[in-house]
Amino acid sequence: MSTKYAERIRALQAKLKETGTDYYILADADPHGSEYVCDYFKLRSAFSGFTGSNGTLLVGQSSAWLWTDGRYFIQAEKELEDSGILLMRMGEPGVYTLPEFVADCGNDNAIIGCDGKCLSMNLRRDINKAFTRRNKECVFCYDAALAGDILKESQEATASATFTGKPIRVLPEALAGIPVFMKLHMLRMAMKEKGCQVFVSTGLDTNMWLLNIRGEDIPYCPVAYSYVIVTEDKVFLYVKKEAVTPELEAYAVENNIEPVDYDCFYEEIGEHVRGKEVMGDFSSFNAYVIDLIYGAGAYVNDTDGGLKRLQAVKSEIEIQLMKEIYIKDSAAVCKFLYWLSGQKPGTVTEYDAACKMDALRAQIPENRGLSFNTISAYGPNAAMMHYETKKDTCAMIEEGNLFLLDSGGQYDGGTTDVTRTVIIGEPAEEMRTHYTMVVRGMLALQNAVFMKGCTGVNLDILARQPIWEACMDYKCGTGHGIGYMLNVHEGPHGIRTRASVSGKDAPIEPGMLVSDEPGIYLEGKYGIRMENILLCRNYHKNEHGEFLHFEPLTYVPVDMKLIDLKAMTQKEIDWLLHYQNEVYDKIAPLLTKEESMWLKRETMPLI
């Protein structure tokens with residue numbers, strides 16, 4: 001274990017003993033429940049060294065445990081090696097959930113420390129339920145300083161510095177999709193229908209979408225740290241003072257929005273909601289916000305008024321802009337694959353390849369950066385679903401194994417995400433078998449026709465079936481929603497095997513975007529993932545009901561050298577050849593002559 005992390009955990013354990021606290025919860029979490037956070041909030045990383053985007057560290061007085069999901073098992077094993085921190089593999093047989101663990105192993109009256117502003121309401125509720133089921137009690141002690149002071153003493157900027165807001169921009173009308181006054185009108189109609197006088201939002205993407213603004217406070221996510229309170233006649237936007245530009249001030253006056261200092265939210269929320277019925281997404285609130293709302297005698301109507309659905313169903317303006325952006329983005333990926341095909345094996349590292357891809361995206365005029373850190377992984381590294389490519393430790397791209405590139409961009413006009421896996425040199429037969437299975441699954445979902453009302457749980461088997469037939473599986477969902485100039489991962493819909501814990505899985509509706517990304521990951525050997533972004537559209541309506549289908553937005557070729565046509569049905573072959581032809585027709589006009597000739601070869605059938 002790194003001396004730095006070991007010393008921090010020991011220092012925290014000493015404080016737990018000193019204060020009589022049984023456990024302390026640490027997560028890379030901000031007060032808004034964001035998937036990605038700025039360095040200021042990366043407490044779990046600062047105490048454990050584990051850098052995955054999902055994970056929770058529990059520190060007891062003498063031991064420590066880290067929970068993460070199947071995407072990060074391999075990465076966590078490496079980063080926690082010799083740490084003394086026990087890896088808790090979420091979802092695996094016989095593995096406690098964190099709430100079950102503290103309830104079963106803790107005292108009858110356990111004291112659990114945490115930063116209440118960064119503790120999700122869902123986690124606190126689940127812990128309380130677990131204790132109640134065992135006739136035990138627990139008390140939460142909100143003490144952010146218990147861990148924060150240790151980092152300040154270490155004099156490191158990460159997770160100890162203050163954080164500031166960057167300038168907020170207002171979306172021009174041509175990019176906005178739906179005007180802000182219409183969004184606020186729809187929200188207030190929902191409030192009236194529910195009998196609510198106040199709407200509270202802590203979700204950063206929802207705040208940006210609702211008010212047609214964007215920020216730069218979190219890497220890869222064009223959001224500003226903010227809270228929003230909407231009443232029947234006013235909007236209060238809590239943001240950092242330095243984030244307020246003259247443009248935002250003028251826009252706020254025009255739309256009856258009042259910018260307020262971000263740090264005043266917790267002081268003022270009680271007065272805004274006192275004795276009123278409040279509408280808000282209960283699951284997105286942190287524990288401290290809920291305490292303040294209930295403490296003011298307010299009643300929470302646990303609903304977002306349909307905002308997440310409205311955000312997910314893209315307008316026709318947004319759809320058209322995203323289609324144009326995805327063609328340009330796909331062309332950049334094709335340019336990268338052409339470049340890679342001309343590199344001699346053993347001369348380019350994973351980091352070199354990532355930099356090349358990032359540079360090609362940056363050349364697109366509408367580009368505003370990446371939508372996530374580019375995953376450039378060769379051979380065994382590709383078996384880690386969210387592998388982080390680092391300059392000093394990355395692998396050389398050699399001959400004889402698979403290379404996986406998962407990347408995306410933020411643009412004026414859309415957010416992109418695409419994954420391709422290609423062979424460097426000649427493939428082994430096992431690689432062709434596994435790659436063909438993944439492509440068959442991707443094509444089956446992409447070409448699905450399904451009834452209106454189906455959720456992603458209904459559709460997931462289409463992508464997994466070829467992989468399940470080989471008694472294999474991948475430890476993640478098949479697809480996630482995509483934001484419009486927002487987060488690359490967006491709800492409320494998704495495609496996965498199991499229903500959500502809440503049981504409220506959102507149907508896939510026309511106008512929604514969803515990723516289609518089955519995969520096979522063999523630890524120590526290679527990983528395969530193929531990802532297209534799909535747009536849900538109306539298909540047919542008759543006496544049997546309404547039917548929907550998908551339209552791909554991603555147009556990057558499948559590596560035909562890895563395809564075993566004998567393992568495919570004629571329908572699957574037809575799907576593949578049709579897609580390859582579409583790739584060439586749509587992308588070739590954006591390429592140079594040499595790149596276009598390469599793409600023609602790549603999309604030709606191997607028959």
# chains A, B, ... in the order shown; residues from 1 in each chain; ligands from 1
>>> residues_around(residues="stretch 303-312 of chain A", least_positions_apart="3", cutoff="9 Å", atoms="only C-alpha atoms", output="PyMOL selection string")
chain A and resi 183+186-191+194+199-201+206+209-210+279-282+300+481-484+490-493+506+509+511-513
>>> write_last_selection(atoms="N, CA and C atoms", output="JSON list (two decimals), in the first residue's frame")
[["chain", "number", "residue", "atom", "x", "y", "z"],
["A", 183, "LYS", "N", -39.95, 25.45, -21.11],
["A", 183, "LYS", "CA", -39.57, 24.44, -20.13],
["A", 183, "LYS", "C", -40.11, 24.80, -18.75],
["A", 186, "MET", "N", -43.87, 24.16, -18.63],
["A", 186, "MET", "CA", -44.19, 22.74, -18.46],
["A", 186, "MET", "C", -43.93, 22.29, -17.03],
["A", 187, "LEU", "N", -42.85, 22.79, -16.42],
["A", 187, "LEU", "CA", -42.54, 22.44, -15.04],
["A", 187, "LEU", "C", -43.62, 22.97, -14.10],
["A", 188, "ARG", "N", -44.03, 24.20, -14.28],
["A", 188, "ARG", "CA", -45.03, 24.78, -13.38],
["A", 188, "ARG", "C", -46.40, 24.13, -13.55],
["A", 189, "MET", "N", -46.68, 23.68, -14.75],
["A", 189, "MET", "CA", -47.93, 22.92, -14.96],
["A", 189, "MET", "C", -47.88, 21.61, -14.17],
["A", 190, "ALA", "N", -46.72, 20.95, -14.17],
["A", 190, "ALA", "CA", -46.56, 19.71, -13.40],
["A", 190, "ALA", "C", -46.65, 19.99, -11.91],
["A", 191, "MET", "N", -46.08, 21.11, -11.46],
["A", 191, "MET", "CA", -46.17, 21.49, -10.05],
["A", 191, "MET", "C", -47.63, 21.70, -9.65],
["A", 194, "LYS", "N", -49.53, 18.49, -9.26],
["A", 194, "LYS", "CA", -49.17, 17.75, -8.05],
["A", 194, "LYS", "C", -49.50, 18.52, -6.77],
["A", 199, "PHE", "N", -40.38, 23.87, -6.46],
["A", 199, "PHE", "CA", -39.60, 22.79, -7.07],
["A", 199, "PHE", "C", -38.14, 23.00, -6.70],
["A", 200, "VAL", "N", -37.49, 21.94, -6.24],
["A", 200, "VAL", "CA", -36.07, 22.01, -5.86],
["A", 200, "VAL", "C", -35.29, 21.01, -6.70],
["A", 201, "SER", "N", -34.20, 21.47, -7.29],
["A", 201, "SER", "CA", -33.35, 20.58, -8.08],
["A", 201, "SER", "C", -31.90, 20.75, -7.65],
["A", 206, "THR", "N", -29.82, 18.49, -14.90],
["A", 206, "THR", "CA", -31.19, 18.98, -14.95],
["A", 206, "THR", "C", -31.23, 20.51, -14.89],
["A", 209, "TRP", "N", -30.10, 21.85, -18.26],
["A", 209, "TRP", "CA", -31.10, 21.62, -19.31],
["A", 209, "TRP", "C", -32.30, 22.55, -19.13],
["A", 210, "LEU", "N", -32.77, 22.67, -17.90],
["A", 210, "LEU", "CA", -33.97, 23.44, -17.63],
["A", 210, "LEU", "C", -33.80, 24.91, -18.01],
["A", 279, "MET", "N", -41.80, 19.79, -4.71],
["A", 279, "MET", "CA", -41.61, 18.76, -5.73],
["A", 279, "MET", "C", -40.11, 18.64, -6.02],
["A", 280, "GLY", "N", -39.62, 17.42, -6.05],
["A", 280, "GLY", "CA", -38.21, 17.19, -6.34],
["A", 280, "GLY", "C", -37.91, 15.71, -6.40],
["A", 281, "ASP", "N", -36.83, 15.38, -7.08],
["A", 281, "ASP", "CA", -36.40, 13.98, -7.19],
["A", 281, "ASP", "C", -35.69, 13.58, -5.91],
["A", 282, "PHE", "N", -36.44, 12.94, -5.02],
["A", 282, "PHE", "CA", -35.95, 12.56, -3.70],
["A", 282, "PHE", "C", -34.62, 11.81, -3.79],
["A", 300, "VAL", "N", -42.29, 16.57, 0.96],
["A", 300, "VAL", "CA", -41.64, 16.33, -0.32],
["A", 300, "VAL", "C", -42.49, 15.39, -1.17],
["A", 481, "GLY", "N", -28.43, 6.19, -21.59],
["A", 481, "GLY", "CA", -28.87, 7.35, -22.32],
["A", 481, "GLY", "C", -27.72, 8.32, -22.54],
["A", 482, "ILE", "N", -27.90, 9.23, -23.49],
["A", 482, "ILE", "CA", -26.88, 10.22, -23.84],
["A", 482, "ILE", "C", -27.49, 11.62, -23.72],
["A", 483, "GLY", "N", -26.76, 12.53, -23.10],
["A", 483, "GLY", "CA", -27.24, 13.89, -22.98],
["A", 483, "GLY", "C", -27.03, 14.69, -24.24],
["A", 484, "TYR", "N", -27.73, 15.81, -24.33],
["A", 484, "TYR", "CA", -27.54, 16.75, -25.43],
["A", 484, "TYR", "C", -26.68, 17.90, -24.93],
["A", 490, "GLU", "N", -26.80, 9.51, -19.23],
["A", 490, "GLU", "CA", -28.00, 10.24, -18.84],
["A", 490, "GLU", "C", -29.17, 9.28, -18.68],
["A", 491, "GLY", "N", -29.98, 9.51, -17.65],
["A", 491, "GLY", "CA", -31.20, 8.72, -17.45],
["A", 491, "GLY", "C", -32.38, 9.42, -18.06],
["A", 492, "PRO", "N", -33.59, 8.94, -17.79],
["A", 492, "PRO", "CA", -33.90, 7.90, -16.80],
["A", 492, "PRO", "C", -33.87, 6.48, -17.37],
["A", 493, "HIS", "N", -33.63, 6.35, -18.68],
["A", 493, "HIS", "CA", -33.70, 5.06, -19.34],
["A", 493, "HIS", "C", -32.31, 4.43, -19.45],
["A", 506, "ALA", "N", -37.71, 3.35, -16.91],
["A", 506, "ALA", "CA", -38.36, 4.22, -17.90],
["A", 506, "ALA", "C", -38.45, 3.52, -19.24],
["A", 509, "GLU", "N", -38.46, 5.66, -25.48],
["A", 509, "GLU", "CA", -39.44, 6.43, -26.24],
["A", 509, "GLU", "C", -38.81, 7.07, -27.47],
["A", 511, "GLY", "N", -37.26, 9.65, -29.77],
["A", 511, "GLY", "CA", -36.49, 10.84, -29.41],
["A", 511, "GLY", "C", -35.41, 10.58, -28.39],
["A", 512, "MET", "N", -35.46, 9.43, -27.73],
["A", 512, "MET", "CA", -34.41, 9.08, -26.77],
["A", 512, "MET", "C", -33.20, 8.49, -27.48],
["A", 513, "LEU", "N", -32.02, 8.79, -26.95],
["A", 513, "LEU", "CA", -30.79, 8.17, -27.42],
["A", 513, "LEU", "C", -30.33, 7.13, -26.41]]
>>> select_by_dssp(residues="stretch 418-531 of chain A", states="strand (DSSP E or B)", output="VMD selection string")
chain A and resid 418 to 424 449 to 451 455 479 to 481 490 to 495 507 513 to 516 519 to 522 526 to 529 531
>>> write_last_selection(atoms="N, CA and C atoms", output="CSV table (one decimal), in the first residue's frame")
chain,number,residue,atom,x,y,z
A,418,VAL,N,-18.4,6.6,-28.6
A,418,VAL,CA,-18.3,5.5,-29.6
A,418,VAL,C,-17.1,4.6,-29.1
A,419,THR,N,-17.3,3.3,-29.3
A,419,THR,CA,-16.2,2.3,-29.1
A,419,THR,C,-16.0,1.4,-30.3
A,420,ARG,N,-14.8,1.2,-30.6
A,420,ARG,CA,-14.4,0.2,-31.6
A,420,ARG,C,-13.2,-0.7,-31.1
A,421,THR,N,-13.2,-1.9,-31.5
A,421,THR,CA,-12.1,-2.9,-31.2
A,421,THR,C,-11.6,-3.4,-32.5
A,422,VAL,N,-10.3,-3.3,-32.7
A,422,VAL,CA,-9.7,-3.8,-34.0
A,422,VAL,C,-8.5,-4.7,-33.7
A,423,ILE,N,-8.2,-5.5,-34.7
A,423,ILE,CA,-7.0,-6.4,-34.5
A,423,ILE,C,-5.8,-5.7,-35.0
A,424,ILE,N,-4.7,-5.9,-34.3
A,424,ILE,CA,-3.4,-5.4,-34.8
A,424,ILE,C,-2.6,-6.6,-35.3
A,449,VAL,N,-37.1,-4.2,-33.6
A,449,VAL,CA,-38.5,-3.6,-33.6
A,449,VAL,C,-39.2,-4.0,-32.4
A,450,PHE,N,-39.7,-3.1,-31.6
A,450,PHE,CA,-40.3,-3.4,-30.3
A,450,PHE,C,-41.5,-2.6,-30.1
A,451,MET,N,-42.4,-3.0,-29.2
A,451,MET,CA,-43.6,-2.3,-28.9
A,451,MET,C,-43.4,-1.1,-28.0
A,455,THR,N,-39.2,-1.3,-21.9
A,455,THR,CA,-38.0,-0.7,-21.2
A,455,THR,C,-36.8,-1.4,-21.7
A,479,GLY,N,-26.6,-0.6,-22.3
A,479,GLY,CA,-26.7,0.7,-22.9
A,479,GLY,C,-27.2,1.8,-21.9
A,480,HIS,N,-26.8,3.0,-22.1
A,480,HIS,CA,-27.1,4.2,-21.3
A,480,HIS,C,-27.6,5.3,-22.2
A,481,GLY,N,-28.4,6.2,-21.6
A,481,GLY,CA,-28.9,7.4,-22.3
A,481,GLY,C,-27.7,8.3,-22.5
A,490,GLU,N,-26.8,9.5,-19.2
A,490,GLU,CA,-28.0,10.2,-18.8
A,490,GLU,C,-29.2,9.3,-18.7
A,491,GLY,N,-30.0,9.5,-17.6
A,491,GLY,CA,-31.2,8.7,-17.4
A,491,GLY,C,-32.4,9.4,-18.1
A,492,PRO,N,-33.6,8.9,-17.8
A,492,PRO,CA,-33.9,7.9,-16.8
A,492,PRO,C,-33.9,6.5,-17.4
A,493,HIS,N,-33.6,6.4,-18.7
A,493,HIS,CA,-33.7,5.1,-19.3
A,493,HIS,C,-32.3,4.4,-19.4
A,494,GLY,N,-32.3,3.2,-19.7
A,494,GLY,CA,-31.0,2.4,-20.0
A,494,GLY,C,-31.4,1.0,-20.4
A,495,ILE,N,-30.4,0.3,-20.8
A,495,ILE,CA,-30.6,-1.1,-21.3
A,495,ILE,C,-29.7,-2.0,-20.4
A,507,PRO,N,-39.6,3.6,-19.9
A,507,PRO,CA,-39.7,3.0,-21.3
A,507,PRO,C,-38.8,3.8,-22.2
A,513,LEU,N,-32.0,8.8,-26.9
A,513,LEU,CA,-30.8,8.2,-27.4
A,513,LEU,C,-30.3,7.1,-26.4
A,514,VAL,N,-29.8,6.0,-26.9
A,514,VAL,CA,-29.3,5.0,-26.0
A,514,VAL,C,-28.0,4.4,-26.7
A,515,SER,N,-27.1,4.0,-25.8
A,515,SER,CA,-25.9,3.3,-26.4
A,515,SER,C,-26.2,1.8,-26.5
A,516,ASP,N,-25.5,1.2,-27.4
A,516,ASP,CA,-25.6,-0.3,-27.7
A,516,ASP,C,-24.2,-0.8,-27.7
A,519,GLY,N,-20.2,-6.6,-24.9
A,519,GLY,CA,-18.7,-6.9,-24.9
A,519,GLY,C,-18.4,-8.2,-24.3
A,520,ILE,N,-17.1,-8.6,-24.4
A,520,ILE,CA,-16.5,-9.7,-23.8
A,520,ILE,C,-15.2,-9.3,-23.2
A,521,TYR,N,-14.9,-9.7,-22.0
A,521,TYR,CA,-13.7,-9.2,-21.3
A,521,TYR,C,-13.1,-10.4,-20.6
A,522,LEU,N,-11.9,-10.8,-21.1
A,522,LEU,CA,-11.1,-11.9,-20.6
A,522,LEU,C,-9.9,-11.4,-19.9
A,526,TYR,N,-7.6,-10.1,-23.3
A,526,TYR,CA,-8.1,-9.0,-24.2
A,526,TYR,C,-9.5,-8.7,-23.8
A,527,GLY,N,-10.0,-7.5,-24.3
A,527,GLY,CA,-11.4,-7.1,-24.1
A,527,GLY,C,-11.9,-6.7,-25.5
A,528,ILE,N,-13.2,-6.9,-25.7
A,528,ILE,CA,-13.9,-6.5,-26.9
A,528,ILE,C,-15.1,-5.7,-26.5
A,529,ARG,N,-15.3,-4.5,-27.1
A,529,ARG,CA,-16.5,-3.8,-26.9
A,529,ARG,C,-16.8,-3.1,-28.2
A,531,GLU,N,-19.5,-0.2,-29.7
A,531,GLU,CA,-20.6,0.7,-29.2
A,531,GLU,C,-21.1,1.6,-30.3
>>> closest_residue(among="A:Val333, A:Ile397, A:Ile563, A:Leu534", to="A:Ile587", atoms="only C-alpha atoms")
A:Val333
>>> closest_atom_pairs(of="stretch 289-402 of chain A", to="stretch 593-607 of chain A", cutoff="8 Å", atoms="only C-alpha atoms", output="JSON lines")
{"residue": "A:Cys334", "atom": "CA", "partner": "A:Leu599", "partner_atom": "CA", "distance": 7.7}
{"residue": "A:Lys335", "atom": "CA", "partner": "A:Glu595", "partner_atom": "CA", "distance": 6.8}
{"residue": "A:Tyr338", "atom": "CA", "partner": "A:Glu595", "partner_atom": "CA", "distance": 6.3}
>>> write_last_selection(atoms="N, CA and C atoms", output="PDB file, in the first residue's frame")
ATOM      1  N   CYS A 334     -12.906   7.374 -37.883  1.00  0.00           N
ATOM      2  CA  CYS A 334     -12.423   6.680 -39.088  1.00  0.00           C
ATOM      3  C   CYS A 334     -11.034   7.180 -39.474  1.00  0.00           C
ATOM      4  N   LYS A 335     -10.810   8.476 -39.369  1.00  0.00           N
ATOM      5  CA  LYS A 335      -9.485   9.019 -39.653  1.00  0.00           C
ATOM      6  C   LYS A 335      -8.439   8.428 -38.699  1.00  0.00           C
ATOM      7  N   TYR A 338      -7.704   4.827 -39.730  1.00  0.00           N
ATOM      8  CA  TYR A 338      -6.843   4.853 -40.916  1.00  0.00           C
ATOM      9  C   TYR A 338      -5.402   5.124 -40.493  1.00  0.00           C
TER      10      TYR A 338
END
>>> residues_around(residues="A:Gly113", least_positions_apart="6", cutoff="6 Å", atoms="only C-alpha atoms", output="PyMOL selection string")
chain A and resi 24+140-142
>>> write_last_selection(atoms="N, CA and C atoms", output="tab-separated table (two decimals), in the first residue's frame")
chain	number	residue	atom	x	y	z
A	24	TYR	N	-16.62	5.36	8.93
A	24	TYR	CA	-16.67	6.61	8.18
A	24	TYR	C	-16.79	6.27	6.70
A	140	PHE	N	-26.17	8.92	12.31
A	140	PHE	CA	-25.24	9.52	11.35
A	140	PHE	C	-24.67	10.80	11.94
A	141	CYS	N	-23.37	10.92	11.89
A	141	CYS	CA	-22.68	12.10	12.39
A	141	CYS	C	-22.07	12.83	11.19
A	142	TYR	N	-22.66	13.97	10.84
A	142	TYR	CA	-22.17	14.72	9.68
A	142	TYR	C	-20.94	15.55	10.10
>>> closest_residue(among="A:Ile364, A:Val180, A:Leu370, A:Met90", to="A:Leu486", atoms="only C-alpha atoms")
A:Leu370
